[in-house]
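**Student:** Got a structure for you, written out below as structure tokens; questions coming shortly.
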Amino acid sequence: MRENVVNTPYLVKGTEFDPTDTDGVWLANAFAVRRGLDVGDNFTIEYNGVTFTKEIKGLVETPEYEYRQADGDADVYLENIAIAFMSYDAFPIREYVTHLIESGKITAKKVAENTKILDEKLEQLKAAGLTVDDITQDMLLSIAENMSDEKLAKIMPYTQMVIRTKDGGALAHEDEIAEAMDYDYSAIIDRKSVQGLVRLDSELEQHQAFAYVFVVIFVGIAVLVIATSMGRIVEKQRTQIGTMNALGMKRWKIVLHYISYSLIVSVLGVIVGLAVGVGLGAPAMMGMFEQYYIVPGLHSVFHPMYLVISVVIVAVCSLSCFLSCRRVLEIKPAEALRPAAPKQGRNCIFEKLPFWDKLSFNTQYNLRDISRAKLRTFMGVVGTAVGMLLMLYGVGCNQLVDIMSDINFNKIYTSKHQMKLSADAKLSDIDELADELNGELVMTDAVEIAKVKNASSSEKKKETLTVLEGKGLYNLLDVDNNVTQLVPGTVGLSRKLAEDMGIKVGDTIYWHLYSKNEWHEAVVGSIYRSCETQGIAYLREDYEATGAEYTPLLLMSDDDKAVDAVSLKYVTSVNSRADMIAAFEKSMEIINILVYVMVIFSSIMIIVVLYNSGSLSFNERVKELATLKVMGLQSAQIRRLLTVQNIWLSIVGTIIGTPLGNISLNAMMNSNGENFDYSLSVPVIDYIISAVLVLIVSMLVSFMFSSRIKKLDLVGTLKGVE
């Protein structure tokens, strides 16, 4: 850069970036730390055939690359990406231009089309009856040798211009910007198209969506549990409340006593939750983010929403206690001193069933109880359904790593070796290597896609172009995740992009490379699914027929001799299939953590909900259970009675939670940005395992009431009943 006005590097260590300093380089801090580099060290850069060394003057970071992943890496390895800032005048322009001329990247014709440097020479040639085509490579080298560095810099134009508008809406000013530049530009983008920013923004949006979902689920169920628990506590204190009321204690004092109890308990719970969440949970989440995103000074803060949720929990807890206490105080003291009479029995809806008389006593009893206790039943079903969903996430995610690995390495990338090619490589050399290794070349580049030619920014999509040779070493998938082939003479369009733009097979689209302002027309011949990048795909011969420059970046091969290709000047790295799979599995370690968290949370939720429901049921039916024991039922039979009802509720909850598994899981995977398009299917066995685990937890909860049934005081429970 020659200026430091808009996209300024963020200084971490050393001196601020100086665009006039021709001796220094400012290096990405994340890269420097992992490579053991520091301010004052020399750093050698090899760029497109030119090598030069500069002193590290500062360690910086840049907002354009908050997320960064090297081509060919299966995961984020920050030690493989060196982002360097330096003065435009520090670049070895003479050596670089010479190299580009010798490699044929710069020709006299291209120079004449894009600059005015050769205008004088062209006039002389014209007078001699010659044209620009008569300027040979040697002549152009001689001309460049006699030019000043300042003139040579004009042969190397700027590649981008960063603009900051006063209203923050860059794309809204595209017409003005285009006119000011005589429409001599290839693309204009805003921050929504900068991959490093988009990935982080998408991740934050995903986490925010999860936050709302989990708040609704967990806080909602917690509030239900707290409300019913507080109500049950007050009901158990019925006699004490009646006694205090009969002794003349003012009602507001009684109410205040019970509200203060619920207030203290809920406040203590909220404080513990906040302490664990803010002190441990949030920093742990920040630590996970720091592994993938570069955000200097990243730290957690105390969000005001924490207080809102805390106040809601405390308020609901206190309100439920107040309402329950007021309901008891409305009863006359003499009546309140006696235990509450059982609820009057009614015929339930299930008794209208034609086969009601043929049902067993246990079944009839539980159906009547479910009909009478609708809120308790609702809590049990919803809690188990959510628990089933979380259990399915946990068990299913464990399989999804294998499923995603199969999609990536058994269907898309099937080769044993992947070679990354230098952008400076000659196509003839690359083709020769590909033939020698019986490999397949793959090109990827940034493109703009539209339904009309020369579309405005609002009508264009900024996506990825993929060019392959169709040899089966790099494949595309159809919408059902099966390997598919491109239709010769047409272009393939990714499913999600086709859906967003309203394009179908047979439609015409227009596209151009980011680096070229030259539009191409193509007919969509197929729709394919791309898991993590959206865009278009070409066969090599069809792409080259458009006249666009073919610059492959990857060479896929099954030949083990590919390992030796790393010594070639135009091969920057060679990754084996095993290395890529290992890197992918390492990147999926977070999924394993998610598995354990989901299983633990789902188990806790099922236990809490079912135990609370069972405890509430036990206290509501304590007189009924005592009566059953007096009539001769054993404790084991009564426990079986309660267990059957728990299992019923668990089965219903499991059935309700099961259909949401695939839908919500894919929504979760695809919520990480508009480029993601996974279609994953949880295996049937995972549904079975999840359901079995839910039922096991349900049965274990039922056994928690065994001792309470055995210790039931029959005389004390029944003596006050009229």
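How things are named: the first chain in the structure tokens is A, the next is B, and so on; residues count from 1 in each chain; ligands count from 1 in the order shown.
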Residues near Tyr88 of chain A, anyone? I mean within 9 Å using only C-alpha atoms, not counting same-chain ones fewer than 5 positions away, as a VMD selection string.

**Tutor:** chain A and resid 1 to 3 19 to 20 22 153

**Student:** For Val234 of chain A, which residue among A:Leu323, A:Leu465, A:Ile331, A:Val301 is the nearest when counting only C-alpha atoms?

**Tutor:**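 Answer, going by the shortest atom-to-atom distance: A:Leu323.
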
**Student:** What lies within 10 Å of Asn438 of chain A using only C-alpha atoms, ignoring chain neighbours under 3 positions off, as number ranges by chain?

**Tutor:** A: 432-435, 471, 555-559, 562

**Student:** Grab the residues selected above and save them as a compact mmCIF listing (two decimals), in the first residue's frame with C-alpha atoms.

**Tutor:**
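Written output follows (part-v6.txt):
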# COMPACT_ATOMS: atom_id res chain seq x y z
CA GLU A 432 3.02 -32.45 -18.39
CA LEU A 433 3.04 -33.31 -14.67
CA ALA A 434 -0.65 -34.25 -14.74
CA ASP A 435 -0.03 -36.64 -17.65
CA LYS A 471 -11.55 -38.01 -14.43
CA LEU A 555 -3.58 -31.57 -9.01
CA MET A 556 -5.20 -34.77 -7.74
CA SER A 557 -3.43 -38.09 -8.27
CA ASP A 558 -3.38 -41.70 -7.06
CA ASP A 559 0.25 -42.15 -8.10
CA ALA A 562 3.24 -37.42 -6.43

**Student:** Taking only segment 35-238 of chain A into account, list the residues labelled strand (DSSP E or B) by DSSP (computed from the backbone), as a PyMOL selection string.

**Tutor:** chain A and resi 42-47+50-61+67+84-85

**Student:** With a cut-off of 12 Å, could you pull out the residues of segment 213-250 of chain A touching segment 387-405 of chain A and give me the nearest pair of atoms for each, distance in Å to one decimal, using only C-alpha atoms, ordered by chain and ascending number, as JSON lines?

**Tutor:**
{"residue": "A:Phe214", "atom": "CA", "partner": "A:Leu390", "partner_atom": "CA", "distance": 10.7}
{"residue": "A:Ile217", "atom": "CA", "partner": "A:Gly387", "partner_atom": "CA", "distance": 10.1}
{"residue": "A:Phe218", "atom": "CA", "partner": "A:Gly387", "partner_atom": "CA", "distance": 10.4}
{"residue": "A:Ile221", "atom": "CA", "partner": "A:Gly387", "partner_atom": "CA", "distance": 11.0}
